[in-house]
Amino acid sequence: MPIVVTAVFHPAEGKKDQLVQALQAAIPAVHEEEGCLLYAIHDAADGSITMIEKWTTAELLDAHANGPAVAALEAAVGSFIESPTTVTTMAPIEAGTEVQGLL
């Protein structure tokens, strides 16, 4: 079963655009990683930026989390966030149709 992750970034005041640019620059390297099914950023109504991720296995997610792409991302966004990123790891629960009921 794939693993779904949300990572909520809390931009420092006046730094949201720079945060988005730093995340956009990091995405291509992550898309090349083994096991990456989805790695996409979204602008949330509360002013945060949310990364939605989907990985084929927990092991490949762990490799990503401990790999060079995440280290580079953390270094790139560090001065643009006001508090630590909120990361939630989830296992999908099937519901409804196959297309609509699973991320």
# chains A, B, ... in the order shown; residues from 1 in each chain; ligands from 1
$ residues_around --residues "Asp17 of chain A" --least-positions-apart "6" --cutoff "10 Å" --atoms "only C-alpha atoms" --output "list in words"
Pro11, Leu23 and Phe80 of chain A
$ write_last_selection --atoms "N, CA and C atoms" --output "PDB file, in the first residue's frame"
ATOM      1  N   PRO A  11       5.172  29.940   6.063  1.00  0.00           N
ATOM      2  CA  PRO A  11       6.087  30.988   5.597  1.00  0.00           C
ATOM      3  C   PRO A  11       6.251  32.114   6.623  1.00  0.00           C
ATOM      4  N   LEU A  23      10.776  25.787  -3.101  1.00  0.00           N
ATOM      5  CA  LEU A  23      10.144  24.471  -3.234  1.00  0.00           C
ATOM      6  C   LEU A  23      10.068  24.049  -4.697  1.00  0.00           C
ATOM      7  N   PHE A  80      13.013  31.020   4.952  1.00  0.00           N
ATOM      8  CA  PHE A  80      11.703  31.494   4.492  1.00  0.00           C
ATOM      9  C   PHE A  80      10.539  30.975   5.338  1.00  0.00           C
TER      10      PHE A  80
END
$ select_by_dssp --residues "chain A" --states "helix (DSSP H, G or I)" --output "VMD selection string"
chain A and resid 16 to 31 58 to 65 68 to 80
$ select_by_dssp --residues "chain A" --states "strand (DSSP E or B)" --output "number ranges by chain"
A: 3-11, 36-43, 49-55, 81-90
$ residues_around --residues "Pro84 of chain A" --least-positions-apart "6" --cutoff "9 Å" --atoms "only C-alpha atoms" --output "PDB file with all heavy atoms, in the first residue's frame"
ATOM      1  N   VAL A   8       3.370  20.642   5.750  1.00  0.00           N
ATOM      2  CA  VAL A   8       2.834  21.997   5.762  1.00  0.00           C
ATOM      3  C   VAL A   8       3.955  22.957   6.150  1.00  0.00           C
ATOM      4  O   VAL A   8       4.519  22.855   7.239  1.00  0.00           O
ATOM      5  CB  VAL A   8       1.635  22.123   6.729  1.00  0.00           C
ATOM      6  CG1 VAL A   8       1.101  23.551   6.734  1.00  0.00           C
ATOM      7  CG2 VAL A   8       0.541  21.130   6.355  1.00  0.00           C
ATOM      8  N   PHE A   9       4.248  23.871   5.237  1.00  0.00           N
ATOM      9  CA  PHE A   9       5.277  24.881   5.438  1.00  0.00           C
ATOM     10  C   PHE A   9       4.607  26.173   5.881  1.00  0.00           C
ATOM     11  O   PHE A   9       3.617  26.606   5.281  1.00  0.00           O
ATOM     12  CB  PHE A   9       6.056  25.125   4.136  1.00  0.00           C
ATOM     13  CG  PHE A   9       6.819  23.922   3.663  1.00  0.00           C
ATOM     14  CD1 PHE A   9       6.200  22.950   2.877  1.00  0.00           C
ATOM     15  CD2 PHE A   9       8.152  23.754   3.987  1.00  0.00           C
ATOM     16  CE1 PHE A   9       6.899  21.839   2.434  1.00  0.00           C
ATOM     17  CE2 PHE A   9       8.863  22.642   3.541  1.00  0.00           C
ATOM     18  CZ  PHE A   9       8.227  21.682   2.768  1.00  0.00           C
ATOM     19  N   HIS A  10       5.156  26.801   6.910  1.00  0.00           N
ATOM     20  CA  HIS A  10       4.593  28.024   7.478  1.00  0.00           C
ATOM     21  C   HIS A  10       5.524  29.185   7.111  1.00  0.00           C
ATOM     22  O   HIS A  10       6.543  29.400   7.779  1.00  0.00           O
ATOM     23  CB  HIS A  10       4.472  27.874   8.998  1.00  0.00           C
ATOM     24  CG  HIS A  10       3.810  26.593   9.401  1.00  0.00           C
ATOM     25  ND1 HIS A  10       2.448  26.416   9.365  1.00  0.00           N
ATOM     26  CD2 HIS A  10       4.325  25.398   9.801  1.00  0.00           C
ATOM     27  CE1 HIS A  10       2.154  25.186   9.755  1.00  0.00           C
ATOM     28  NE2 HIS A  10       3.273  24.548  10.015  1.00  0.00           N
TER      29      HIS A  10
END
$ atom_distance --atom1 "atom CA of Ser48 of chain A" --atom2 "atom CA of Val5 of chain A"
15.7 Å
$ residues_around --residues "Val30 of chain A" --least-positions-apart "4" --cutoff "12 Å" --atoms "only C-alpha atoms" --output "list in words"
Leu23, Gln24, Ala25, Ala26, Glu34, Gly35, Cys36, Leu37, Leu38, Tyr39, Ala40, Glu53, Lys54, Trp55, Leu60, Leu61, Ala63, His64, Ala65, Gly67, Pro68, Ala69, Val70, Ala71, Ala72 and Leu73 of chain A
$ closest_residue --among "A:Ile41, A:Ala58, A:Met1, A:Ala12" --to "Glu82 of chain A" --atoms "only C-alpha atoms"
A:Ala12
$ atom_distance --atom1 "atom CA of Val99 of chain A" --atom2 "atom CA of Thr57 of chain A"
19.8 Å
$ closest_residue --among "A:Ala95, A:Ile81, A:Val87, A:Ile52" --to "Gln18 of chain A" --atoms "only C-alpha atoms"
A:Ile81
$ closest_residue --among "A:Leu103, A:Leu19, A:Ile27, A:Met51" --to "Thr88 of chain A" --atoms "only C-alpha atoms"
A:Met51
$ atom_distance --atom1 "atom CA of Glu32 of chain A" --atom2 "atom CA of Ala45 of chain A"
29.4 Å
$ closest_residue --among "A:His42, A:Thr56, A:Pro28, A:Gln21" --to "Pro92 of chain A" --atoms "only C-alpha atoms"
A:Thr56
$ decode --residues "segment 10-66 of chain A" --atoms "C-alpha atoms" --output "compact mmCIF listing (two decimals), in the first residue's frame"
# COMPACT_ATOMS: atom_id res chain seq x y z
CA HIS A 10 4.59 28.02 7.48
CA PRO A 11 6.09 30.99 5.60
CA ALA A 12 7.72 33.82 7.49
CA GLU A 13 6.03 37.17 6.99
CA GLY A 14 6.69 38.48 3.50
CA LYS A 15 8.58 35.32 2.46
CA LYS A 16 5.83 33.21 0.88
CA ASP A 17 6.91 33.85 -2.72
CA GLN A 18 10.53 32.99 -1.93
CA LEU A 19 9.37 29.82 -0.15
CA VAL A 20 7.34 28.75 -3.17
CA GLN A 21 10.28 29.41 -5.50
CA ALA A 22 12.62 27.37 -3.30
CA LEU A 23 10.14 24.47 -3.23
CA GLN A 24 9.60 24.66 -7.00
CA ALA A 25 13.36 24.45 -7.55
CA ALA A 26 13.60 21.33 -5.35
CA ILE A 27 10.74 19.38 -6.92
CA PRO A 28 12.47 18.07 -10.09
CA ALA A 29 15.12 16.21 -8.09
CA VAL A 30 12.47 14.56 -5.93
CA HIS A 31 10.41 13.55 -8.96
CA GLU A 32 13.46 11.56 -10.13
CA GLU A 33 13.68 9.58 -6.87
CA GLU A 34 12.67 5.94 -6.87
CA GLY A 35 9.20 5.46 -5.40
CA CYS A 36 7.95 9.02 -5.88
CA LEU A 37 4.40 8.90 -7.25
CA LEU A 38 3.35 12.43 -6.30
CA TYR A 39 5.19 15.45 -4.94
CA ALA A 40 3.18 18.62 -5.44
CA ILE A 41 2.80 21.95 -3.63
CA HIS A 42 -0.48 23.73 -2.92
CA ASP A 43 -1.36 27.19 -1.64
CA ALA A 44 -3.62 26.81 1.40
CA ALA A 45 -6.27 29.36 2.38
CA ASP A 46 -4.58 29.89 5.78
CA GLY A 47 -1.42 31.22 4.10
CA SER A 48 0.61 28.03 4.44
CA ILE A 49 2.06 25.99 1.60
CA THR A 50 1.22 22.29 1.67
CA MET A 51 3.25 19.60 -0.04
CA ILE A 52 1.23 16.49 -0.86
CA GLU A 53 3.35 13.41 -1.45
CA LYS A 54 2.72 9.80 -2.39
CA TRP A 55 5.38 7.10 -2.20
CA THR A 56 5.28 3.47 -3.28
CA THR A 57 6.70 2.14 0.01
CA ALA A 58 7.66 3.30 3.49
CA GLU A 59 11.26 2.24 2.80
CA LEU A 60 11.54 4.49 -0.26
CA LEU A 61 9.91 7.35 1.66
CA ASP A 62 12.55 6.86 4.39
CA ALA A 63 15.30 6.93 1.77
CA HIS A 64 13.85 10.18 0.44
CA ALA A 65 13.57 11.70 3.93
CA ASN A 66 17.23 10.91 4.63
